[in-house]
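Peer 1: Handing over coords-v2.txt, compact mmCIF, C-alpha atoms.
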```
# COMPACT_ATOMS: atom_id res chain seq x y z
CA MET A 98 -99.21 -100.95 229.90
CA ASP A 99 -96.24 -103.23 230.50
CA ASP A 100 -96.47 -104.52 226.92
CA ASP A 101 -96.47 -101.01 225.50
CA TYR A 102 -93.47 -100.17 227.59
CA LEU A 103 -91.60 -103.24 226.43
CA GLU A 104 -92.41 -102.60 222.73
CA ARG A 105 -91.31 -99.00 223.02
CA GLU A 106 -88.07 -100.13 224.59
CA GLU A 107 -87.52 -102.73 221.85
CA GLY A 108 -88.35 -100.20 219.10
CA GLN A 109 -85.81 -97.78 220.46
CA ARG A 110 -83.12 -100.42 220.58
CA GLN A 111 -83.60 -102.09 217.11
CA PRO A 112 -83.81 -100.46 213.65
CA PRO A 113 -86.94 -101.33 211.60
CA TRP A 114 -85.48 -104.37 209.82
CA PHE A 115 -88.97 -105.68 209.13
CA LEU A 116 -89.44 -102.91 206.56
CA LEU A 117 -86.30 -103.93 204.65
CA THR A 118 -87.34 -107.56 204.88
CA GLY A 119 -90.72 -106.66 203.43
CA VAL A 120 -89.18 -104.78 200.50
CA ILE A 121 -86.82 -107.67 199.72
CA VAL A 122 -89.61 -110.24 199.92
CA GLY A 123 -91.79 -108.08 197.64
CA LEU A 124 -88.93 -107.54 195.20
CA LEU A 125 -88.26 -111.26 194.92
CA ILE A 126 -91.94 -112.04 194.40
CA GLY A 127 -92.17 -109.26 191.80
CA LEU A 128 -89.14 -110.53 189.88
CA LEU A 129 -90.46 -114.08 190.02
CA ILE A 130 -93.80 -113.01 188.59
CA SER A 131 -92.39 -110.67 185.91
CA LEU A 132 -89.64 -112.97 184.67
CA LEU A 133 -91.14 -116.43 185.04
CA VAL A 134 -94.89 -116.41 185.68
CA ILE A 135 -95.99 -113.52 183.44
CA PRO A 136 -92.95 -112.60 181.31
CA VAL A 137 -93.03 -109.83 178.75
CA LYS A 138 -94.51 -111.03 175.46
CA TYR A 139 -93.19 -109.28 172.40
CA LYS A 140 -95.63 -108.40 169.69
CA ASP A 141 -95.27 -106.41 166.48
CA THR A 142 -91.54 -106.04 166.98
CA ALA A 143 -88.84 -104.90 164.60
CA PRO A 144 -85.90 -107.12 163.57
CA VAL A 145 -83.62 -105.17 165.90
CA ALA A 146 -85.44 -106.79 168.85
CA LEU A 147 -84.66 -110.33 167.70
CA SER A 148 -82.50 -112.57 169.84
CA ALA A 149 -78.86 -112.98 168.83
CA ALA A 150 -79.51 -116.36 167.21
CA ASP A 151 -82.51 -115.05 165.27
CA LYS A 152 -80.49 -112.02 164.16
CA ALA A 153 -77.87 -114.39 162.77
CA ASN A 154 -80.58 -116.30 160.90
CA PHE A 155 -82.01 -113.01 159.65
CA ARG A 156 -78.58 -111.90 158.34
CA LEU A 157 -78.19 -115.24 156.58
CA LEU A 158 -81.67 -114.94 155.07
CA ILE A 159 -80.83 -111.48 153.74
CA ALA A 160 -77.54 -112.77 152.31
CA GLN A 161 -79.26 -115.70 150.61
CA ALA A 162 -81.97 -113.44 149.24
CA TYR A 163 -79.25 -111.11 147.96
CA ARG A 164 -77.62 -114.00 146.13
CA ALA A 165 -80.99 -114.89 144.60
CA ASN A 166 -81.81 -111.29 143.77
CA PRO A 167 -78.70 -109.08 143.71
CA ASP A 168 -80.58 -105.89 144.52
CA LEU A 169 -78.06 -104.14 146.74
CA PRO A 170 -80.18 -101.17 147.91
CA ARG A 171 -82.86 -103.63 148.97
CA ALA A 172 -80.36 -105.84 150.83
CA ASN A 173 -78.85 -102.76 152.42
CA SER A 174 -82.20 -101.48 153.65
CA ARG A 175 -83.01 -104.91 155.04
CA ILE A 176 -79.71 -105.23 156.87
CA ALA A 177 -80.15 -101.71 158.25
CA LEU A 178 -83.18 -102.95 160.18
CA LEU A 179 -80.81 -104.74 162.54
CA GLN A 180 -79.24 -101.37 163.46
CA ASP A 181 -75.80 -102.93 163.78
CA PRO A 182 -73.13 -100.21 163.53
CA ALA A 183 -70.51 -102.82 162.55
CA ILE A 184 -72.67 -104.89 160.25
CA VAL A 185 -69.85 -105.69 157.82
CA ASP A 186 -67.77 -107.09 160.66
CA SER A 187 -70.77 -109.06 161.94
CA LEU A 188 -71.37 -110.55 158.49
CA ALA A 189 -67.69 -111.39 158.07
CA ALA A 190 -67.52 -113.00 161.50
CA GLN A 191 -70.64 -115.03 160.78
CA ALA A 192 -69.16 -116.09 157.45
CA GLN A 193 -66.02 -117.29 159.20
CA GLN A 194 -68.12 -119.17 161.72
CA GLY A 195 -70.17 -120.75 158.94
CA LEU A 196 -66.99 -121.78 157.20
CA SER A 197 -65.65 -123.43 160.32
CA ASN A 198 -68.99 -125.28 160.63
CA GLY A 199 -68.67 -126.57 157.09
CA GLU A 200 -71.47 -124.38 155.71
CA GLU A 201 -69.57 -123.17 152.68
CA GLN A 202 -72.50 -121.81 150.70
CA ALA A 203 -73.75 -119.82 153.68
CA ALA A 204 -70.26 -118.47 154.30
CA ARG A 205 -69.98 -117.49 150.65
CA ASP A 206 -73.34 -115.72 150.75
CA LEU A 207 -72.48 -113.82 153.92
CA ALA A 208 -69.04 -112.85 152.64
CA GLY A 209 -70.54 -111.70 149.36
CA LEU A 210 -73.07 -109.53 151.13
CA ALA A 211 -70.42 -108.11 153.48
CA ALA A 212 -68.26 -107.14 150.55
CA ALA A 213 -71.18 -105.71 148.59
CA ILE A 214 -72.40 -103.61 151.51
CA SER A 215 -68.88 -102.36 152.10
CA THR A 216 -68.65 -101.37 148.44
CA TYR A 217 -72.09 -99.77 148.62
CA ALA A 218 -71.10 -97.71 151.66
CA VAL A 219 -67.91 -96.54 149.98
CA VAL A 220 -69.76 -95.62 146.81
CA LYS A 221 -72.35 -93.67 148.78
CA VAL A 222 -69.66 -91.76 150.68
CA GLU A 223 -67.74 -90.95 147.53
CA SER A 224 -70.86 -89.96 145.61
CA PRO A 225 -73.11 -88.00 147.96
CA ASP A 226 -75.36 -86.92 145.12
CA PRO A 227 -75.45 -89.78 142.65
CA THR A 228 -77.30 -89.49 139.41
CA PRO A 229 -80.47 -91.56 139.65
CA SER A 230 -80.77 -94.35 137.16
CA GLU A 231 -83.99 -95.30 135.44
CA SER A 232 -84.98 -97.53 138.34
CA GLY A 233 -84.53 -94.68 140.80
CA THR A 234 -81.57 -96.23 142.62
CA PRO A 235 -78.11 -94.66 142.69
CA ALA A 236 -76.43 -95.37 139.37
CA ALA A 237 -73.07 -95.82 141.06
CA VAL A 238 -74.39 -98.87 142.87
CA HIS A 239 -74.69 -100.87 139.70
CA THR A 240 -71.01 -101.61 139.41
CA SER A 241 -69.62 -104.87 138.21
CA THR A 242 -67.60 -105.29 141.39
CA ILE A 243 -70.47 -106.69 143.41
CA THR A 244 -70.88 -110.16 142.01
CA PRO A 245 -67.82 -112.12 140.97
CA ALA A 246 -68.10 -113.31 137.41
CA PRO A 247 -67.26 -116.96 136.80
CA GLY A 248 -63.90 -117.71 135.28
CA PRO A 249 -60.47 -118.92 136.29
CA TYR A 250 -58.20 -116.66 138.28
CA LEU A 251 -54.60 -116.53 137.12
CA ILE A 252 -51.60 -115.11 138.91
CA VAL A 253 -50.63 -111.69 137.59
CA ASP A 254 -48.23 -110.48 140.27
CA ARG A 255 -46.14 -112.03 143.01
CA GLN A 256 -44.12 -109.92 145.42
CA PRO A 257 -42.26 -110.76 148.63
CA VAL A 258 -43.10 -108.43 151.51
CA CYS A 259 -40.00 -107.95 153.64
CA ASP A 260 -41.73 -106.42 156.61
CA ALA A 261 -41.38 -107.92 160.06
CA ALA A 262 -44.95 -106.88 160.84
CA SER A 263 -46.28 -109.19 158.12
CA SER A 264 -43.97 -112.11 158.81
CA GLY A 265 -45.30 -115.25 157.15
CA LEU A 266 -48.46 -113.48 156.00
CA LEU A 267 -49.79 -114.60 152.64
CA GLN A 268 -51.79 -111.71 151.21
CA ILE A 269 -54.08 -112.43 148.27
CA GLU A 270 -55.80 -109.85 146.12
CA LEU A 271 -58.36 -110.91 143.52
CA ARG A 272 -59.52 -108.76 140.65
CA ASP A 273 -62.27 -109.52 138.20
CA GLN A 274 -62.09 -109.11 134.45
CA ASP A 275 -62.67 -105.36 134.81
CA GLY A 276 -59.90 -104.97 137.35
CA PHE A 277 -62.26 -104.47 140.31
CA PRO A 278 -61.84 -106.37 143.60
CA ALA A 279 -63.64 -109.74 143.53
CA PRO A 280 -65.37 -110.61 146.84
CA GLY A 281 -66.78 -113.97 147.94
CA VAL A 282 -64.29 -116.12 146.02
CA GLN A 283 -63.22 -119.33 147.70
CA ILE A 284 -59.52 -119.95 148.25
CA ASN A 285 -58.15 -123.35 149.20
CA VAL A 286 -54.77 -123.77 150.84
CA THR A 287 -53.28 -127.19 151.43
CA TRP A 288 -50.04 -128.26 153.00
CA ASP A 289 -48.51 -131.42 154.36
CA GLY A 290 -51.05 -132.50 156.96
CA GLY A 291 -53.45 -129.61 156.64
CA VAL A 292 -56.05 -127.81 154.59
CA ASP A 293 -57.78 -124.46 154.98
CA THR A 294 -60.54 -122.70 153.10
CA PHE A 295 -61.43 -119.04 153.22
CA PHE A 296 -63.04 -116.32 151.11
CA THR A 297 -62.13 -112.93 149.80
CA GLY A 298 -64.08 -110.00 151.16
CA LEU A 299 -63.93 -110.87 154.85
CA LYS A 300 -61.65 -107.89 155.48
CA PRO A 301 -63.37 -105.19 153.47
CA ALA A 302 -61.49 -102.47 155.32
CA ILE A 303 -58.42 -103.51 153.29
CA SER A 304 -60.16 -104.48 150.06
CA THR A 305 -63.27 -106.41 149.12
CA GLY A 306 -61.08 -108.66 146.98
CA TYR A 307 -58.59 -109.27 149.76
CA ALA A 308 -57.90 -112.36 151.85
CA ASP A 309 -54.92 -113.46 153.86
CA PHE A 310 -53.49 -116.56 155.43
CA GLN A 311 -50.79 -116.98 158.06
CA MET A 312 -48.01 -119.27 156.84
CA THR A 313 -45.58 -121.10 159.05
CA PRO A 314 -41.98 -120.41 157.97
CA GLY A 315 -40.40 -123.43 156.35
CA VAL A 316 -43.73 -125.03 155.36
CA SER A 317 -44.62 -125.40 151.69
CA TYR A 318 -48.21 -124.61 150.65
CA ASN A 319 -50.39 -125.23 147.60
CA LEU A 320 -52.95 -122.59 146.72
CA GLN A 321 -56.01 -122.65 144.48
CA VAL A 322 -58.18 -119.61 143.85
CA GLY A 323 -61.79 -120.13 142.82
CA GLU A 324 -63.25 -123.05 140.94
CA GLY A 325 -60.95 -124.08 138.14
CA GLY A 326 -58.48 -121.38 139.07
CA GLU A 327 -54.76 -121.67 138.75
CA THR A 328 -53.07 -123.80 141.39
CA LEU A 329 -49.82 -122.49 142.77
CA ASN A 330 -47.53 -125.07 144.30
CA ALA A 331 -44.65 -124.81 146.74
CA ILE A 332 -45.53 -121.42 148.16
CA SER A 333 -43.61 -120.52 151.29
CA ALA A 334 -42.65 -117.51 153.35
CA PRO A 335 -39.65 -115.84 151.66
CA GLU A 336 -36.46 -115.19 153.51
CA CYS A 337 -35.72 -111.53 154.11
CA THR A 338 -32.78 -109.69 155.62
CA ASP A 339 -33.13 -106.71 157.91
CA ALA A 340 -30.79 -103.70 158.17
CA ASN A 341 -28.52 -105.57 160.58
CA GLY A 342 -28.16 -108.52 158.24
CA ALA A 343 -30.39 -110.81 160.29
CA VAL A 344 -32.57 -113.22 158.31
CA PHE A 345 -36.30 -113.39 159.02
CA ALA A 346 -39.40 -114.84 157.36
CA GLY A 347 -41.18 -112.25 155.29
CA GLY A 348 -44.63 -112.19 153.79
CA LEU A 349 -45.89 -112.79 150.29
CA LYS A 350 -48.36 -110.83 148.23
CA LEU A 351 -50.14 -112.51 145.33
CA VAL A 352 -52.41 -110.73 142.88
CA PHE A 353 -54.80 -112.76 140.74
CA GLY A 354 -56.87 -111.57 137.84
CA GLN A 355 -59.44 -113.06 135.50
CA MET B 225 -97.95 -100.21 217.78
CA ARG B 226 -98.05 -103.83 216.60
CA SER B 227 -100.72 -103.02 213.99
CA TRP B 228 -98.51 -100.24 212.64
CA ARG B 229 -95.70 -102.74 212.23
CA ILE B 230 -97.93 -105.13 210.31
CA LEU B 231 -99.15 -102.31 208.11
CA GLY B 232 -95.59 -101.12 207.47
CA PHE B 233 -94.47 -104.65 206.63
CA ALA B 234 -97.34 -105.06 204.15
CA LEU B 235 -96.59 -101.68 202.61
CA ALA B 236 -92.91 -102.62 202.22
CA ILE B 237 -93.89 -105.85 200.46
CA VAL B 238 -96.14 -103.93 198.06
CA ILE B 239 -93.35 -101.44 197.29
CA GLY B 240 -90.90 -104.30 196.66
CA LEU B 241 -93.45 -106.12 194.54
CA VAL B 242 -94.04 -103.11 192.31
CA ALA B 243 -90.31 -102.52 191.98
CA GLY B 244 -89.75 -106.19 191.09
CA LEU B 245 -92.51 -106.17 188.47
CA LEU B 246 -91.22 -102.97 186.88
CA ALA B 247 -87.67 -104.30 186.86
CA GLY B 248 -88.71 -107.59 185.28
CA TRP B 249 -91.00 -106.11 182.65
CA LEU B 250 -89.19 -102.93 181.75
CA LEU B 251 -85.55 -103.11 182.76
CA PHE B 252 -84.32 -106.61 182.03
CA PRO B 253 -86.18 -107.37 178.76
CA SER B 254 -84.84 -104.20 177.14
CA ALA B 255 -81.29 -105.28 178.02
CA ASP B 256 -81.76 -108.73 176.52
CA PRO B 257 -84.38 -108.87 173.78
CA VAL B 258 -85.85 -112.30 173.23
CA SER B 259 -88.18 -111.60 170.34
CA THR B 260 -88.51 -114.14 167.55
CA PRO B 261 -89.50 -113.86 163.88
CA ALA B 262 -92.98 -115.00 164.92
CA ASN B 263 -93.39 -111.73 166.83
CA LEU B 264 -92.34 -109.44 163.99
CA ARG B 265 -94.71 -106.78 162.77
CA ALA B 266 -96.81 -107.73 159.73
CA ASP B 267 -94.77 -105.67 157.24
CA TYR B 268 -91.51 -107.20 158.46
CA LYS B 269 -93.07 -110.65 158.24
CA ALA B 270 -94.16 -109.89 154.68
CA ASP B 271 -90.60 -108.95 153.78
CA TYR B 272 -89.35 -112.10 155.51
CA VAL B 273 -91.69 -114.15 153.31
CA LEU B 274 -90.58 -112.16 150.28
CA MET B 275 -86.95 -113.04 150.99
CA THR B 276 -87.98 -116.68 151.23
CA ALA B 277 -89.81 -116.32 147.92
CA GLU B 278 -86.77 -114.76 146.27
CA ILE B 279 -84.59 -117.65 147.40
CA PHE B 280 -87.22 -120.21 146.35
CA HIS B 281 -87.46 -118.57 142.94
CA GLN B 282 -83.75 -119.14 142.48
CA ASP B 283 -83.16 -122.57 143.99
CA GLY B 284 -86.64 -124.13 143.79
CA ASP B 285 -86.05 -125.80 147.15
CA LEU B 286 -89.53 -125.95 148.64
CA ALA B 287 -88.46 -127.93 151.70
CA ALA B 288 -85.93 -125.25 152.62
CA ALA B 289 -88.59 -122.59 152.08
CA MET B 290 -90.90 -124.48 154.44
CA VAL B 291 -88.19 -124.51 157.11
CA ARG B 292 -87.67 -120.77 156.75
CA LEU B 293 -91.40 -120.05 156.90
CA SER B 294 -91.85 -122.24 159.96
CA GLU B 295 -89.93 -119.60 161.91
CA LEU B 296 -92.91 -117.28 161.54
CA GLY B 297 -94.92 -119.34 164.01
CA GLU B 298 -97.95 -120.16 161.88
CA ASP B 299 -99.58 -123.58 162.11
CA GLU B 300 -98.98 -124.06 158.40
CA PRO B 301 -96.27 -122.20 156.47
CA ILE B 302 -98.76 -121.48 153.69
CA HIS B 303 -100.73 -119.34 156.14
CA ALA B 304 -97.68 -117.13 156.58
CA VAL B 305 -97.53 -116.68 152.81
CA GLN B 306 -101.25 -115.88 152.65
CA ALA B 307 -100.85 -113.24 155.34
CA ALA B 308 -97.80 -111.85 153.59
CA ILE B 309 -99.68 -111.55 150.29
CA LEU B 310 -102.48 -109.61 152.00
CA THR B 311 -99.98 -107.32 153.70
CA ALA B 312 -98.07 -106.88 150.47
CA GLN B 313 -101.28 -105.83 148.71
CA ASP B 314 -102.02 -103.31 151.44
CA LEU B 315 -98.50 -101.91 151.29
CA GLY B 316 -98.41 -101.79 147.50
CA PHE B 317 -95.54 -104.19 146.83
CA ALA B 318 -94.23 -104.09 143.27
CA GLN B 319 -95.74 -106.51 140.79
CA PRO B 320 -92.59 -108.68 140.43
CA ASP B 321 -92.53 -109.14 144.20
CA MET B 322 -96.22 -110.06 144.22
CA GLN B 323 -95.48 -112.64 141.54
CA LEU B 324 -92.70 -114.10 143.65
CA LEU B 325 -95.06 -114.42 146.62
CA ALA B 326 -97.72 -115.97 144.41
CA SER B 327 -95.20 -118.42 143.01
CA LEU B 328 -94.21 -119.48 146.51
CA PHE B 329 -97.87 -119.83 147.47
CA THR B 330 -98.54 -122.02 144.46
CA GLY B 331 -95.51 -124.13 145.23
CA LEU B 332 -96.66 -124.68 148.80
CA GLN B 333 -100.13 -125.69 147.64
CA THR B 334 -98.64 -128.53 145.64
CA TYR B 335 -96.03 -129.46 148.20
CA THR B 336 -95.95 -133.05 149.36
CA PRO B 337 -93.42 -133.68 152.09
CA VAL B 338 -91.00 -136.50 151.38
CA PRO B 339 -90.88 -138.93 154.32
CA LEU B 340 -87.45 -139.37 155.83
CA GLU B 341 -87.84 -143.14 156.09
CA THR B 342 -90.08 -145.40 154.07
CA GLN B 343 -91.60 -148.32 155.87
CA PRO B 344 -91.53 -151.69 154.03
```
Go through the file and emit its structure as C-alpha cells.
Peer 2:
Amino acid sequence: MDDDYLEREEGQRQPPWFLLTGVIVGLLIGLLISLLVIPVKYKDTAPVALSAADKANFRLLIAQAYRANPDLPRANSRIALLQDPAIVDSLAAQAQQGLSNGEEQAARDLAGLAAAISTYAVVKVESPDPTPSESGTPAAVHTSTITPAPGPYLIVDRQPVCDAASSGLLQIELRDQDGFPAPGVQINVTWDGGVDTFFTGLKPAISTGYADFQMTPGVSYNLQVGEGGETLNAISAPECTDANGAVFAGGLKLVFGQ
Amino acid sequence: MRSWRILGFALAIVIGLVAGLLAGWLLFPSADPVSTPANLRADYKADYVLMTAEIFHQDGDLAAAMVRLSELGEDEPIHAVQAAILTAQDLGFAQPDMQLLASLFTGLQTYTPVPLETQP
C-alpha cells in the first residue's frame, strides 16, 4: 500500500522519461543493425544507382567506347542512363581532372564525348523531326564535326579583344577542314617556368571547338595546337586603352583552321 | 504499476528499433547510393561488357579489358563475357555486337597474364 502510494507520487512528479529512453535505445540499435550488421544489398540496379566513383568510371568507359566506335546515338543513350542533367559539365570536369592527373588520353576521350553530346543535343533541338537515314538514326547526327580529323592547325585569324571583362584571356577557336568546330584537340602552352595543357570542347556552351587560357600580363607564351600544328611564339596580352585613356591588358582571340 | 512501466519501456524500444531499421534501409541508402557495377542488372552488365569489347576491338589491350571486366564481380572475367553473350542473345543484340563479344571471349580464352616480375 505504501509502495503504491510512493510510486503514484513519483509518477505524478516526473514525466515518463523511460519511454523516450526506450525509443532512443531502440533507434540506435535499429540504425546499427540496418547500416552495419545487415546493410542494404543492391541487386539488379541501374547505372544511376552507382557510387560517385563508379559513375566516373562508367562515364570514362562510355567515352572510351565512343572513341573505339563513334556511334553517337549509342553513346548518348548510354550516358543518359546516369540521369545527370548536366552531363556535359560532368564530362568536362572529369576531363579536366584527368588532365591534371596526367591521364591525357582519358581527358581527350571525355572531352571528345562532351563535345559530341553537346553537338548532338543542339542538332536534336534544331531538327525536331530529322529525316531518318538508312540506319534509322537521325541523319543530322552524322556530321563531320564530331571527330576531329588529323592534320595540322594553322592560324587563320588573330584579333585583340579590348574588353576589361576578358583581360588577359587567350581565347582559341579551332575549326576543322569543313569549317566546323573541332573538339578534343590538345593545346599546349609554355612560358618561362611553366607549361599547361588543355583541350578544346570543355566549354561547349561557347563552342565545341573553343578553349581558353588565362594569361598573365607581361608574360610571353608559346602556343601549339594539336600534333604537328603551328607553333605561335611570343604571344602576350595586348595593351588596350579605355575611354579615359587608361591602359589595361586586353585579351586575345586566335582562330585556327585545318 | 511497475509492470506497466516495463511493458511501456519494451514497447518504446520496439518502436525505436523499427524506426531505426526503416531509416537505415530506406532513408539513408536512397540518399547515398553505394551500388557497384557488380550489382548492375544483367542487360546493363551485357552493355558494360559490350563497351569493353568495343574498346578491345580497337586497342587490342587484353590486360586493360581484364581490368574493366573485373569490376563486374565475377571470379573470372571470362565468366562475365559468357553471361553477357547469353544475355545479348536473349535481348537480340545486333550481329556486329555479338561478333565483338565473341572476339573478346576468344581473346580471353587465349590470355596468359604477363608476370610483373620474373624470378631468376
Peer 1: Find the residues around range 115-117 of chain A up to 9 Å (all atoms listed in the file counted), leave out those fewer than 6 positions away in its own chain, and share them as a list of chain:residue names.
Peer 2: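 Near neighbours after the sequence-gap exclusion: B:Arg229, B:Gly232, B:Phe233, B:Ala234, B:Leu235, B:Ala236, B:Ile237.
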Peer 1: Pick from A:Leu169, A:Leu128, A:Asp206, A:Ile269: nearest to Phe252 in chain B, with only C-alpha atoms counted?
Peer 2: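 Using only C-alpha atoms, Phe252 in chain B sits closest to A:Leu128.
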Peer 1: Determine, for each residue of chain B having at least one atom at most 6 Å from an atom of chain A, the closest pair of atoms and their separation in Å to one decimal, counting only C-alpha atoms; order by chain and ascending number, as JSON lines.
Peer 2:
```
{"residue": "B:Phe233", "atom": "CA", "partner": "A:Leu116", "partner_atom": "CA", "distance": 5.3}
{"residue": "B:Ala236", "atom": "CA", "partner": "A:Val120", "partner_atom": "CA", "distance": 4.6}
{"residue": "B:Ile237", "atom": "CA", "partner": "A:Gly123", "partner_atom": "CA", "distance": 4.2}
{"residue": "B:Gly240", "atom": "CA", "partner": "A:Gly123", "partner_atom": "CA", "distance": 4.0}
{"residue": "B:Leu241", "atom": "CA", "partner": "A:Gly123", "partner_atom": "CA", "distance": 4.0}
{"residue": "B:Gly244", "atom": "CA", "partner": "A:Gly127", "partner_atom": "CA", "distance": 4.0}
{"residue": "B:Leu245", "atom": "CA", "partner": "A:Gly127", "partner_atom": "CA", "distance": 4.6}
{"residue": "B:Gly248", "atom": "CA", "partner": "A:Ser131", "partner_atom": "CA", "distance": 4.8}
{"residue": "B:Trp249", "atom": "CA", "partner": "A:Val137", "partner_atom": "CA", "distance": 5.8}
{"residue": "B:Pro257", "atom": "CA", "partner": "A:Ala146", "partner_atom": "CA", "distance": 5.5}
{"residue": "B:Val258", "atom": "CA", "partner": "A:Ser148", "partner_atom": "CA", "distance": 4.8}
{"residue": "B:Ser259", "atom": "CA", "partner": "A:Leu147", "partner_atom": "CA", "distance": 4.6}
{"residue": "B:Thr260", "atom": "CA", "partner": "A:Leu147", "partner_atom": "CA", "distance": 5.4}
{"residue": "B:Asn263", "atom": "CA", "partner": "A:Lys140", "partner_atom": "CA", "distance": 4.9}
{"residue": "B:Leu264", "atom": "CA", "partner": "A:Thr142", "partner_atom": "CA", "distance": 4.6}
{"residue": "B:Arg265", "atom": "CA", "partner": "A:Asp141", "partner_atom": "CA", "distance": 3.8}
{"residue": "B:Met275", "atom": "CA", "partner": "A:Ala162", "partner_atom": "CA", "distance": 5.3}
{"residue": "B:Glu278", "atom": "CA", "partner": "A:Ala162", "partner_atom": "CA", "distance": 5.8}
{"residue": "B:Ile279", "atom": "CA", "partner": "A:Ala162", "partner_atom": "CA", "distance": 5.3}
{"residue": "B:Gln282", "atom": "CA", "partner": "A:Ala165", "partner_atom": "CA", "distance": 5.5}
```
Peer 1: Here is a test: counting only C-alpha atoms, which residue of B:Ser227, B:Ala287, B:Ala270, B:Leu251 is nearest to Asp314 in chain B?
Peer 2: B:Ala270
Peer 1: Nearest to Glu327 in chain A: which of A:Gly347, A:Pro249, A:Gly315, A:Pro112 is it, counting all atoms listed in the file?
Peer 2: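 So, comparing all the options, the nearest one is A:Pro249.
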Peer 1: So that I can check the surroundings of Ile332 in chain A, please list as JSON, numbers by chain every protein, DNA and RNA residue that reaches within 8 Å of it, counting only C-alpha atoms and ignoring chain neighbours fewer than 4 positions away.
Peer 2: {"A": [317, 318, 319, 320]}
